[in-house]
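Asks: My file is my_file_0.csv. It has CSV, C-alpha atoms and all ligand atoms:
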chain,number,residue,atom,x,y,z
A,293,MET,CA,20.6,-27.1,10.8
A,294,LYS,CA,19.8,-30.1,8.6
A,295,ILE,CA,16.1,-30.3,7.8
A,296,GLN,CA,14.3,-33.5,8.7
A,297,SER,CA,13.3,-34.6,5.2
A,298,THR,CA,9.6,-34.2,4.9
A,299,ILE,CA,9.9,-34.5,1.1
A,300,SER,CA,7.5,-37.4,0.8
A,301,LEU,CA,4.8,-35.3,2.5
A,302,SER,CA,5.8,-32.2,0.7
A,303,LEU,CA,4.4,-30.8,-2.5
A,304,SER,CA,7.8,-29.2,-3.3
A,305,THR,CA,9.8,-30.9,-6.0
A,306,ILE,CA,13.0,-29.0,-5.1
A,307,LYS,CA,16.2,-31.1,-5.9
A,308,SER,CA,19.1,-28.8,-5.2
A,309,LEU,CA,20.5,-25.4,-5.5
A,310,GLU,CA,22.8,-24.7,-8.5
A,311,CYS,CA,25.5,-22.2,-9.2
A,312,SER,CA,24.1,-19.9,-11.8
A,313,SER,CA,27.4,-19.8,-13.6
A,314,CYS,CA,28.9,-23.4,-13.7
A,315,GLY,CA,25.8,-25.4,-12.5
A,316,LYS,CA,27.6,-26.9,-9.5
A,317,SER,CA,25.1,-28.4,-7.1
A,318,TYR,CA,24.6,-27.2,-3.5
A,319,ASP,CA,22.6,-28.9,-0.8
A,320,HIS,CA,19.2,-27.3,-0.3
A,321,THR,CA,18.6,-28.9,3.1
A,322,ILE,CA,21.3,-26.7,4.8
A,323,ILE,CA,21.7,-23.0,5.0
A,324,GLN,CA,23.2,-21.6,1.8
A,325,THR,CA,24.1,-18.1,0.7
A,326,PHE,CA,25.5,-17.7,-2.8
A,327,SER,CA,27.7,-19.8,-5.0
A,328,THR,CA,31.2,-19.8,-3.5
A,329,CYS,CA,32.7,-21.5,-6.5
A,330,CYS,CA,31.9,-18.6,-9.0
A,331,ASN,CA,30.8,-15.8,-6.6
A,332,VAL,CA,27.4,-15.5,-8.3
A,333,PRO,CA,23.8,-16.3,-7.1
A,334,LEU,CA,22.5,-19.7,-6.5
A,335,SER,CA,19.3,-20.9,-8.3
A,336,ALA,CA,16.8,-23.5,-7.1
A,337,ALA,CA,16.4,-26.6,-9.3
A,338,TYR,CA,13.2,-28.7,-9.3
A,339,ASP,CA,12.2,-32.1,-10.6
A,340,LEU,CA,10.3,-30.5,-13.4
A,341,PRO,CA,9.3,-33.7,-15.3
A,342,THR,CA,7.5,-34.9,-12.1
A,343,ALA,CA,6.0,-31.5,-11.4
A,344,GLY,CA,4.9,-31.2,-15.1
A,345,THR,CA,3.1,-34.5,-15.3
A,346,ASN,CA,0.9,-33.5,-12.4
A,347,PHE,CA,1.0,-29.7,-12.2
A,348,ILE,CA,-0.8,-28.9,-9.1
A,349,ARG,CA,-2.1,-25.5,-8.2
A,350,THR,CA,-3.4,-25.5,-4.7
A,351,GLU,CA,-6.8,-24.0,-3.8
A,352,ASP,CA,-4.9,-21.0,-2.5
A,353,TYR,CA,-5.3,-17.7,-4.4
A,354,SER,CA,-1.9,-16.6,-3.3
A,355,MET,CA,1.6,-17.2,-4.5
A,356,TRP,CA,1.6,-20.4,-2.6
A,357,ARG,CA,-0.7,-22.1,-5.1
A,358,TYR,CA,2.5,-23.1,-7.0
A,359,ARG,CA,4.0,-25.0,-4.0
A,360,GLN,CA,5.2,-27.8,-6.2
A,361,VAL,CA,7.8,-25.5,-7.8
A,362,LEU,CA,8.6,-23.6,-4.6
A,363,PRO,CA,11.3,-24.5,-2.1
A,364,VAL,CA,9.5,-24.8,1.2
A,365,LEU,CA,9.2,-28.4,2.2
A,366,SER,CA,6.7,-28.3,5.1
A,367,LYS,CA,3.5,-26.3,5.0
A,368,ALA,CA,3.9,-25.6,8.7
A,369,ASN,CA,6.9,-23.4,7.8
A,370,ILE,CA,5.0,-21.1,5.4
A,371,VAL,CA,5.0,-17.5,6.8
A,372,THR,CA,2.2,-15.8,4.9
A,373,LEU,CA,0.3,-12.6,4.9
A,374,GLY,CA,-1.6,-13.4,1.8
A,375,GLU,CA,1.0,-12.4,-0.8
A,376,GLY,CA,0.5,-12.9,-4.6
A,377,PHE,CA,-2.3,-13.4,-7.0
A,378,THR,CA,-2.4,-9.7,-7.5
A,379,PRO,CA,-4.7,-8.1,-10.2
A,380,MET,CA,-3.9,-8.0,-13.9
A,381,SER,CA,-6.0,-5.3,-15.4
A,382,GLN,CA,-6.3,-3.9,-18.9
A,383,LEU,CA,-5.5,-0.2,-19.4
A,384,LYS,CA,-7.7,0.4,-22.3
A,385,LYS,CA,-7.7,4.2,-22.4
A,386,LEU,CA,-3.9,4.3,-22.1
A,387,ALA,CA,-3.5,1.7,-24.8
A,388,THR,CA,-5.7,3.6,-27.2
A,389,GLN,CA,-3.8,6.8,-26.5
A,390,LEU,CA,-0.5,5.0,-27.2
A,391,GLY,CA,-1.8,3.2,-30.2
A,392,LEU,CA,-1.4,-0.2,-28.6
A,393,GLN,CA,-3.9,-3.0,-29.0
A,394,GLU,CA,-3.4,-4.4,-25.5
A,395,LEU,CA,-1.7,-2.9,-22.5
A,396,TRP,CA,-2.0,-4.6,-19.1
A,397,LEU,CA,-1.0,-3.7,-15.6
A,398,LYS,CA,0.2,-6.4,-13.2
A,399,ASP,CA,-0.4,-4.5,-10.0
A,400,ASP,CA,2.0,-5.9,-7.3
A,401,ALA,CA,1.3,-2.8,-5.1
A,402,LYS,CA,-1.7,-4.8,-4.0
A,403,ASN,CA,0.6,-7.2,-2.0
A,404,PRO,CA,0.8,-7.1,1.9
A,405,THR,CA,3.3,-4.3,2.8
A,406,GLY,CA,2.4,-2.6,-0.4
A,407,SER,CA,5.0,-4.0,-2.7
A,408,PHE,CA,6.2,-7.0,-4.7
A,409,LYS,CA,8.9,-7.4,-2.0
A,410,ALA,CA,6.3,-9.3,0.0
A,411,ARG,CA,6.7,-12.3,-2.4
A,412,GLY,CA,10.5,-12.6,-2.0
A,413,LEU,CA,10.5,-11.9,1.7
A,414,SER,CA,7.6,-14.3,2.5
A,415,MET,CA,9.6,-17.0,0.8
A,416,GLY,CA,12.9,-16.0,2.3
A,417,VAL,CA,11.6,-15.8,5.8
A,418,SER,CA,9.7,-19.1,5.4
A,419,LYS,CA,12.8,-20.9,4.3
A,420,ALA,CA,14.7,-19.2,7.1
A,421,LYS,CA,12.2,-20.6,9.6
A,422,GLU,CA,12.5,-24.0,8.0
A,423,LEU,CA,16.3,-23.9,8.3
A,424,GLY,CA,16.2,-22.7,11.9
A,425,ILE,CA,17.5,-19.1,11.3
A,426,ARG,CA,16.7,-16.8,14.3
A,427,LYS,CA,18.2,-13.5,13.2
A,428,MET,CA,18.3,-11.6,9.9
A,429,VAL,CA,19.8,-8.4,8.5
A,430,ILE,CA,18.8,-6.7,5.2
A,431,PRO,CA,20.2,-3.7,3.3
A,432,THR,CA,17.2,-2.1,1.5
A,433,ALA,CA,16.2,0.8,-0.7
A,434,GLY,CA,12.9,0.8,1.3
A,435,ASN,CA,10.3,-1.7,0.4
A,436,ALA,CA,12.3,-4.9,1.1
A,437,GLY,CA,13.1,-3.6,4.6
A,438,GLY,CA,9.4,-3.2,5.4
A,439,ALA,CA,8.5,-6.6,4.0
A,440,LEU,CA,11.3,-8.4,5.9
A,441,SER,CA,10.2,-6.7,9.1
A,442,ALA,CA,6.6,-7.8,8.7
A,443,TYR,CA,7.4,-11.4,7.9
A,444,CYS,CA,10.0,-11.6,10.7
A,445,ALA,CA,7.4,-10.2,13.1
A,446,LYS,CA,5.0,-13.0,12.2
A,447,ALA,CA,7.8,-15.6,12.3
A,448,GLU,CA,9.3,-14.3,15.6
A,449,ILE,CA,12.6,-13.8,14.0
A,450,GLU,CA,14.8,-10.8,15.0
A,451,ALA,CA,15.2,-8.3,12.1
A,452,THR,CA,17.7,-5.5,11.4
A,453,VAL,CA,17.1,-3.2,8.5
A,454,ILE,CA,19.7,-0.8,7.0
A,455,MET,CA,18.2,1.9,4.8
A,456,PRO,CA,19.5,5.1,3.1
A,457,ARG,CA,18.6,8.1,5.3
A,458,HIS,CA,17.0,10.0,2.4
A,459,THR,CA,14.2,7.4,2.1
A,460,ALA,CA,10.6,8.4,2.7
A,461,ASP,CA,9.3,8.4,6.3
A,462,THR,CA,6.6,5.8,5.7
A,463,LEU,CA,9.1,3.2,4.5
A,464,LYS,CA,11.2,3.8,7.7
A,465,GLU,CA,8.2,3.9,10.1
A,466,GLU,CA,6.7,0.6,9.0
A,467,CYS,CA,10.0,-1.2,9.9
A,468,ARG,CA,9.9,0.3,13.4
A,469,LEU,CA,6.2,-0.6,13.8
A,470,TYR,CA,6.9,-4.2,12.8
A,471,GLY,CA,9.5,-4.3,15.6
A,472,ALA,CA,12.7,-4.3,13.5
A,473,GLN,CA,15.9,-2.5,14.5
A,474,LEU,CA,16.3,0.3,11.9
A,475,ILE,CA,19.7,1.7,11.0
A,476,LEU,CA,19.9,4.8,8.7
A,477,LEU,CA,23.0,5.5,6.6
A,478,ASP,CA,24.1,8.3,4.3
A,479,GLY,CA,24.5,6.9,0.7
A,480,LEU,CA,22.8,4.3,-1.4
A,481,ILE,CA,22.0,0.6,-0.9
A,482,ASP,CA,25.6,-0.4,-1.6
A,483,ALA,CA,26.7,1.4,1.6
A,484,CYS,CA,23.9,-0.4,3.5
A,485,GLY,CA,25.1,-3.7,2.0
A,486,LYS,CA,28.6,-3.2,3.4
A,487,MET,CA,27.2,-2.6,6.9
A,488,ALA,CA,24.9,-5.6,6.6
A,489,ARG,CA,27.9,-7.8,5.9
A,490,SER,CA,29.7,-6.6,8.9
A,491,ILE,CA,26.6,-7.0,11.2
A,492,ALA,CA,26.1,-10.5,9.9
A,493,ALA,CA,29.8,-11.3,10.6
A,494,GLU,CA,29.6,-9.8,14.1
A,495,THR,CA,26.2,-11.1,15.3
A,496,GLY,CA,25.6,-14.2,13.2
A,497,ALA,CA,22.5,-12.7,11.7
A,498,PHE,CA,21.7,-14.2,8.3
A,499,ASP,CA,22.4,-11.7,5.4
A,500,MET,CA,19.3,-11.3,3.2
A,501,SER,CA,20.9,-9.0,0.6
A,502,THR,CA,19.4,-9.3,-2.8
A,503,MET,CA,20.4,-12.4,-4.7
A,504,LYS,CA,23.0,-13.3,-2.0
A,505,GLU,CA,20.6,-16.0,-0.7
A,506,PRO,CA,18.7,-18.3,-3.0
A,507,TYR,CA,15.0,-18.0,-1.9
A,508,ARG,CA,13.8,-14.4,-2.4
A,509,LEU,CA,14.1,-15.2,-6.1
A,510,GLU,CA,11.8,-18.2,-5.8
A,511,GLY,CA,9.1,-15.9,-4.3
A,512,LYS,CA,9.5,-13.3,-7.0
A,513,LYS,CA,9.3,-16.1,-9.6
A,514,THR,CA,5.6,-16.5,-8.7
A,515,LEU,CA,5.0,-13.2,-10.6
A,516,GLY,CA,5.9,-15.1,-13.8
A,517,TYR,CA,3.6,-18.1,-12.9
A,518,GLU,CA,0.7,-15.7,-12.2
A,519,ILE,CA,1.2,-13.7,-15.4
A,520,ALA,CA,1.1,-17.0,-17.4
A,521,GLU,CA,-2.0,-18.2,-15.5
A,522,GLN,CA,-3.8,-14.9,-15.8
A,523,PHE,CA,-3.3,-15.1,-19.6
A,524,ASN,CA,-4.6,-18.6,-19.5
A,525,TRP,CA,-1.1,-20.1,-20.1
A,526,SER,CA,-0.4,-18.1,-23.3
A,527,LEU,CA,2.3,-15.5,-22.6
A,528,PRO,CA,2.3,-11.8,-23.6
A,529,ASP,CA,4.7,-10.4,-26.1
A,530,ILE,CA,6.5,-7.8,-24.0
A,531,ILE,CA,7.0,-7.5,-20.2
A,532,ILE,CA,8.4,-4.2,-18.9
A,533,TYR,CA,10.1,-4.4,-15.5
A,534,PRO,CA,11.7,-1.7,-13.3
A,535,ALA,CA,14.9,-3.4,-12.2
A,536,GLY,CA,17.3,-2.6,-9.3
A,537,GLY,CA,18.8,-5.8,-7.9
A,538,GLY,CA,17.0,-7.8,-10.6
A,539,THR,CA,15.2,-10.5,-8.6
A,540,GLY,CA,11.8,-9.8,-10.3
A,541,LEU,CA,13.2,-9.8,-13.9
A,542,ILE,CA,15.3,-12.9,-13.3
A,543,GLY,CA,12.4,-14.6,-11.4
A,544,ILE,CA,9.8,-13.9,-14.1
A,545,TRP,CA,12.1,-15.4,-16.7
A,546,LYS,CA,12.9,-18.4,-14.5
A,547,ALA,CA,9.2,-19.1,-14.2
A,548,PHE,CA,8.7,-19.0,-17.9
A,549,LYS,CA,11.6,-21.4,-18.5
A,550,GLU,CA,10.2,-23.8,-15.9
A,551,LEU,CA,6.8,-23.6,-17.4
A,552,VAL,CA,8.3,-24.5,-20.8
A,553,SER,CA,10.3,-27.4,-19.3
A,554,MET,CA,7.0,-28.7,-17.7
A,555,GLY,CA,5.3,-28.5,-21.1
A,556,ILE,CA,2.7,-26.0,-19.7
A,557,VAL,CA,3.5,-23.1,-22.0
A,558,ASP,CA,5.3,-23.0,-25.3
A,559,GLY,CA,7.1,-20.3,-27.2
A,560,PRO,CA,7.7,-17.7,-28.2
A,561,LEU,CA,8.5,-16.3,-24.8
A,562,PRO,CA,8.0,-12.6,-24.1
A,563,LYS,CA,10.7,-10.1,-24.7
A,564,MET,CA,11.9,-8.8,-21.3
A,565,VAL,CA,12.4,-5.1,-21.0
A,566,LEU,CA,14.5,-3.7,-18.1
A,567,VAL,CA,14.0,-0.1,-17.2
A,568,GLN,CA,16.1,2.1,-14.8
A,569,SER,CA,16.3,5.7,-13.8
A,570,ASP,CA,18.9,7.8,-15.6
A,571,GLN,CA,20.2,8.7,-12.1
A,572,CYS,CA,21.4,5.2,-11.6
A,573,ALA,CA,21.4,2.8,-14.5
A,574,PRO,CA,24.3,0.2,-14.2
A,575,MET,CA,22.3,-2.4,-16.1
A,576,VAL,CA,21.6,-0.1,-19.0
A,577,HIS,CA,25.3,0.8,-19.3
A,578,LEU,CA,26.3,-2.9,-19.1
A,579,PHE,CA,23.7,-3.9,-21.7
A,580,LYS,CA,24.5,-1.2,-24.1
A,581,ASP,CA,28.3,-0.7,-23.7
A,582,GLY,CA,29.4,-3.9,-21.8
A,583,LYS,CA,30.9,-1.8,-19.0
A,584,LEU,CA,30.2,1.1,-16.6
A,585,PRO,CA,31.3,4.5,-17.9
A,586,ASP,CA,34.6,5.9,-16.6
A,587,ASN,CA,32.8,8.8,-14.9
A,588,TYR,CA,30.0,6.5,-13.4
A,589,ALA,CA,28.5,8.5,-10.6
A,590,PRO,CA,25.2,6.8,-9.4
A,591,GLN,CA,22.7,9.1,-7.7
A,592,SER,CA,19.6,8.5,-5.7
A,593,SER,CA,16.2,8.4,-7.4
A,594,ALA,CA,12.6,9.1,-6.4
A,595,ALA,CA,12.2,5.5,-7.6
A,596,TYR,CA,14.2,4.2,-4.6
A,597,GLY,CA,14.1,0.6,-5.7
A,598,LEU,CA,16.0,1.4,-8.9
A,599,ALA,CA,19.0,3.1,-7.2
A,600,VAL,CA,21.2,0.0,-7.0
A,601,PRO,CA,24.6,1.0,-8.2
A,602,TYR,CA,26.4,-2.4,-8.2
A,603,PRO,CA,23.8,-5.2,-8.4
A,604,PHE,CA,25.2,-8.7,-7.6
A,605,ALA,CA,23.2,-10.6,-10.3
A,606,THR,CA,24.4,-8.6,-13.3
A,607,GLN,CA,25.2,-11.6,-15.5
A,608,MET,CA,21.8,-13.2,-14.8
A,609,MET,CA,20.0,-10.0,-15.8
A,610,LEU,CA,22.1,-9.7,-19.0
A,611,ASN,CA,21.3,-13.4,-19.7
A,612,VAL,CA,17.6,-12.7,-19.4
A,613,LEU,CA,17.8,-9.8,-21.8
A,614,SER,CA,19.8,-11.7,-24.4
A,615,GLU,CA,17.8,-15.0,-24.2
A,616,SER,CA,14.5,-13.1,-24.4
A,617,LYS,CA,15.8,-10.7,-27.2
A,618,GLY,CA,14.8,-7.9,-24.8
A,619,THR,CA,16.3,-4.5,-24.2
A,620,ALA,CA,17.2,-2.0,-21.5
A,621,LEU,CA,16.6,1.7,-21.3
A,622,THR,CA,16.5,4.6,-18.9
A,623,VAL,CA,13.8,7.2,-18.0
A,624,SER,CA,14.3,10.5,-16.2
A,625,GLU,CA,12.9,11.6,-12.9
A,626,ASN,CA,10.6,14.1,-14.5
A,627,GLU,CA,9.3,11.5,-16.9
A,628,MET,CA,8.4,9.2,-14.0
A,629,ASP,CA,6.6,12.1,-12.3
A,630,GLU,CA,4.6,12.8,-15.5
A,631,GLY,CA,3.9,9.2,-15.8
A,632,ILE,CA,2.4,8.9,-12.3
A,633,GLN,CA,0.1,11.9,-13.0
A,634,HIS,CA,-0.9,10.8,-16.4
A,635,ILE,CA,-1.9,7.3,-15.4
A,636,ALA,CA,-3.7,8.5,-12.3
A,637,GLY,CA,-5.7,11.0,-14.3
A,638,ILE,CA,-6.7,8.7,-17.1
A,639,GLU,CA,-6.9,5.2,-15.5
A,640,GLY,CA,-7.5,6.0,-11.8
A,641,GLN,CA,-4.5,4.1,-10.7
A,642,LEU,CA,-1.7,5.6,-8.6
A,643,LEU,CA,1.6,3.8,-9.5
A,644,SER,CA,4.9,4.0,-7.7
A,645,PRO,CA,7.7,5.9,-9.5
A,646,GLU,CA,9.1,2.5,-10.5
A,647,GLY,CA,5.7,1.4,-11.9
A,648,ALA,CA,5.3,4.7,-13.8
A,649,ALA,CA,8.8,4.1,-15.3
A,650,THR,CA,7.4,1.1,-17.2
A,651,TYR,CA,4.8,3.3,-18.9
A,652,ILE,CA,7.4,5.8,-20.0
A,653,ALA,CA,9.5,2.8,-21.3
A,654,ALA,CA,6.5,1.5,-23.3
A,655,LYS,CA,6.0,4.9,-24.9
A,656,LYS,CA,9.7,5.2,-25.8
A,657,LEU,CA,9.9,1.7,-27.2
A,658,LEU,CA,6.7,2.1,-29.3
A,659,HIS,CA,8.3,5.2,-30.7
A,660,ALA,CA,11.5,3.3,-31.4
A,661,GLN,CA,9.4,0.5,-33.0
A,662,PHE,CA,10.8,-2.1,-30.6
A,663,ILE,CA,7.2,-2.6,-29.5
A,664,GLN,CA,4.7,-3.1,-32.3
A,665,PRO,CA,1.1,-1.7,-32.0
A,666,SER,CA,-0.2,-5.3,-32.2
A,667,ASP,CA,1.9,-6.5,-29.2
A,668,ARG,CA,0.3,-7.5,-25.9
A,669,VAL,CA,2.3,-5.5,-23.4
A,670,VAL,CA,2.5,-6.0,-19.6
A,671,MET,CA,3.8,-3.3,-17.3
A,672,VAL,CA,4.7,-4.4,-13.8
A,673,ASN,CA,3.8,-2.0,-11.0
A,674,THR,CA,6.1,-3.1,-8.2
A,675,GLY,CA,5.1,-0.8,-5.4
A,676,SER,CA,2.4,1.5,-3.9
A,677,TRP,CA,2.6,5.3,-4.4
A,678,TYR,CA,1.3,5.7,-0.9
A,679,LYS,CA,4.6,4.5,0.6
A,680,TYR,CA,6.7,7.3,-0.9
A,681,ARG,CA,5.5,10.1,1.4
B,701,LIG,C1,9.1,-0.6,-5.8
B,701,LIG,C2,10.3,-1.3,-6.3
B,701,LIG,N1,10.4,-1.6,-7.6
B,701,LIG,C3,11.5,-2.2,-8.1
B,701,LIG,C4,12.5,-2.6,-7.3
B,701,LIG,C5,13.7,-3.4,-7.9
B,701,LIG,O1,13.7,-4.7,-7.5
B,701,LIG,P1,14.4,-5.9,-8.1
B,701,LIG,O2,15.3,-6.4,-7.1
B,701,LIG,O3,13.4,-7.0,-8.5
B,701,LIG,O4,15.1,-5.4,-9.3
B,701,LIG,C6,12.5,-2.3,-5.9
B,701,LIG,C7,13.5,-2.7,-5.0
B,701,LIG,O5,13.7,-2.2,-4.0
B,701,LIG,C8,11.3,-1.7,-5.4
B,701,LIG,O6,11.1,-1.4,-4.1
As a first step, turn the structure in this file into structure tokens.
Ligand SMILES: Cc1ncc(COP(=O)(O)O)c(C=O)c1O
Replies:
Amino acid sequence: MKIQSTISLSLSTIKSLECSSCGKSYDHTIIQTFSTCCNVPLSAAYDLPTAGTNFIRTEDYSMWRYRQVLPVLSKANIVTLGEGFTPMSQLKKLATQLGLQELWLKDDAKNPTGSFKARGLSMGVSKAKELGIRKMVIPTAGNAGGALSAYCAKAEIEATVIMPRHTADTLKEECRLYGAQLILLDGLIDACGKMARSIAAETGAFDMSTMKEPYRLEGKKTLGYEIAEQFNWSLPDIIIYPAGGGTGLIGIWKAFKELVSMGIVDGPLPKMVLVQSDQCAPMVHLFKDGKLPDNYAPQSSAAYGLAVPYPFATQMMLNVLSESKGTALTVSENEMDEGIQHIAGIEGQLLSPEGAATYIAAKKLLHAQFIQPSDRVVMVNTGSWYKYR
């Protein structure tokens, strides 16, 4: 469906979608998936000079306060449960223990549905509504399925969620309660992805697989805008992010580059750190060795969101690491467990295994002198511990 252009009434300055490899332009007013010219994700492009000369933040203390640089044209199409503008809190005791001057926690567990997936799915479902999509399917490690189900319930869109059978009960039950059809599979998210593609082909449902549509990234991007605003438009030195499909990592970096283009922040930009579980660490292999090992045998992880054996946006993630002079590393399942306990006991905050992985990464990178004691470090907690039961 072609959208009636409401651009003159819209705050959005979106111009087009671009192939993330060759830059070819794709029409944003019709339904798009990924770039068919290079088989890579699409990325939304905005009229940043216009947005920058009059950078509006709405009154809204949610991710929608940056509507100028978001893709939804008409306010009426926004499907919101109050996502974004999550707390940024300083972990002073943990910092002292580590010998760091400043350690901060961006706590995205405080989002509706208990994870940062709310940002991407609120945006994805809002754009789906704007484009007239009535049926959606998603492969998920857990949190994205719950978020899609919740936003689809609100938007009256039919949702099908495909999830690995070993996932915790809470993550399954919430999808059912939100009225989605839940399909459980043996295996990891790549097996769910295959089934999503065939369901999409058979039923005409829109496939919301990570980075295979352009708009979840735009929701996740708001994490970067918030980090910048919460530090009064001066950026931290290091951001540690637990990556699976990579939307958050790529989105945060996209936000920083847009803010630089608009003249709202200047450099140096933070070094981006990607952390994965040693059970499934394709990006760490690709970053360190340029390829997956011959005996690559990805396994499930207690950090469900990190068990993505073959992410679609590998090149975009590698670009973020090289442009930001960042790094990638693994942590073990035991280390994540210890991290959860330690942070809970000392700071009173219960992090998801993915969130705890960022603390272990900070510790390791301080030891390796990649992080300096004077650095301002941000850990991103992407999900709520309470959902992993
Ligand atoms: C709690 C949590 N953290 C991190 C991730 C990884 O997400 P991304 O696609 O941004 O790499 C996921 C994805 O399922 C998740 O649920």
Asks: Compile a residue-level contact table for chain A against ligand LIG 701 (chain B) at a cut-off of 8 Å, reporting for every qualifying residue the shortest atom pair and its distance in Å to one decimal, with only C-alpha atoms and all ligand atoms counted, rows ordered by chain and ascending number, as CSV.
Replies:
residue,atom,partner,partner_atom,distance
A:Ser407,CA,B:LIG701,C1,6.2
A:Phe408,CA,B:LIG701,C1,7.1
A:Lys409,CA,B:LIG701,O6,6.7
A:Thr432,CA,B:LIG701,O5,6.5
A:Ala433,CA,B:LIG701,O5,5.1
A:Gly434,CA,B:LIG701,O6,6.1
A:Asn435,CA,B:LIG701,O6,4.6
A:Ala436,CA,B:LIG701,O5,5.9
A:Thr502,CA,B:LIG701,O2,6.6
A:Lys512,CA,B:LIG701,O3,7.6
A:Tyr533,CA,B:LIG701,C3,7.8
A:Pro534,CA,B:LIG701,C3,5.2
A:Ala535,CA,B:LIG701,O4,3.5
A:Gly536,CA,B:LIG701,O4,3.6
A:Gly537,CA,B:LIG701,O2,3.6
A:Gly538,CA,B:LIG701,O4,3.3
A:Thr539,CA,B:LIG701,O3,3.9
A:Gly540,CA,B:LIG701,O3,3.7
A:Leu541,CA,B:LIG701,O3,6.1
A:Ile542,CA,B:LIG701,O3,7.8
A:Ala595,CA,B:LIG701,C1,7.1
A:Tyr596,CA,B:LIG701,O6,6.4
A:Gly597,CA,B:LIG701,O5,3.3
A:Leu598,CA,B:LIG701,C5,5.4
A:Ser644,CA,B:LIG701,C1,6.5
A:Pro645,CA,B:LIG701,C1,7.6
A:Glu646,CA,B:LIG701,N1,5.2
A:Gly647,CA,B:LIG701,N1,7.0
A:Asn673,CA,B:LIG701,N1,7.4
A:Thr674,CA,B:LIG701,C1,4.6
A:Gly675,CA,B:LIG701,C1,4.0
A:Ser676,CA,B:LIG701,C1,7.3
Asks: What residues have an atom no more than 7 Å from (25.4, -14.0, -6.0) in the file's own frame, counting all atoms listed in the file, and can you write them as a PyMOL selection string?
Replies: chain A and resi 326-327+331-334+503-504+604-605
Asks: So, with only C-alpha atoms as the atoms that count, which of A:Leu440, A:Ala594, A:Cys484, A:Ile323 lies closest to Asp629 of chain A?
Replies: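 Of A:Leu440, A:Ala594, A:Cys484, A:Ile323, the one nearest Asp629 of chain A, counting only C-alpha atoms, is A:Ala594.
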Asks: Within 8 Å of segment 599-603 of chain A, which residues of segment 454-525 of chain A come that close, and what is the closest atom pair and distance in Å for each? Count only C-alpha atoms and give it as JSON lines.
Replies:
{"residue": "A:Leu480", "atom": "CA", "partner": "A:Ala599", "partner_atom": "CA", "distance": 7.0}
{"residue": "A:Ile481", "atom": "CA", "partner": "A:Val600", "partner_atom": "CA", "distance": 6.2}
{"residue": "A:Asp482", "atom": "CA", "partner": "A:Pro601", "partner_atom": "CA", "distance": 6.8}
Asks: Under the rule that only C-alpha atoms are counted, which of A:Ile531, A:Ala547, A:Val417, A:Ile430 is the nearest residue to Val669 of chain A?
Replies: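 The answer is A:Ile531, which sits nearest to Val669 of chain A.
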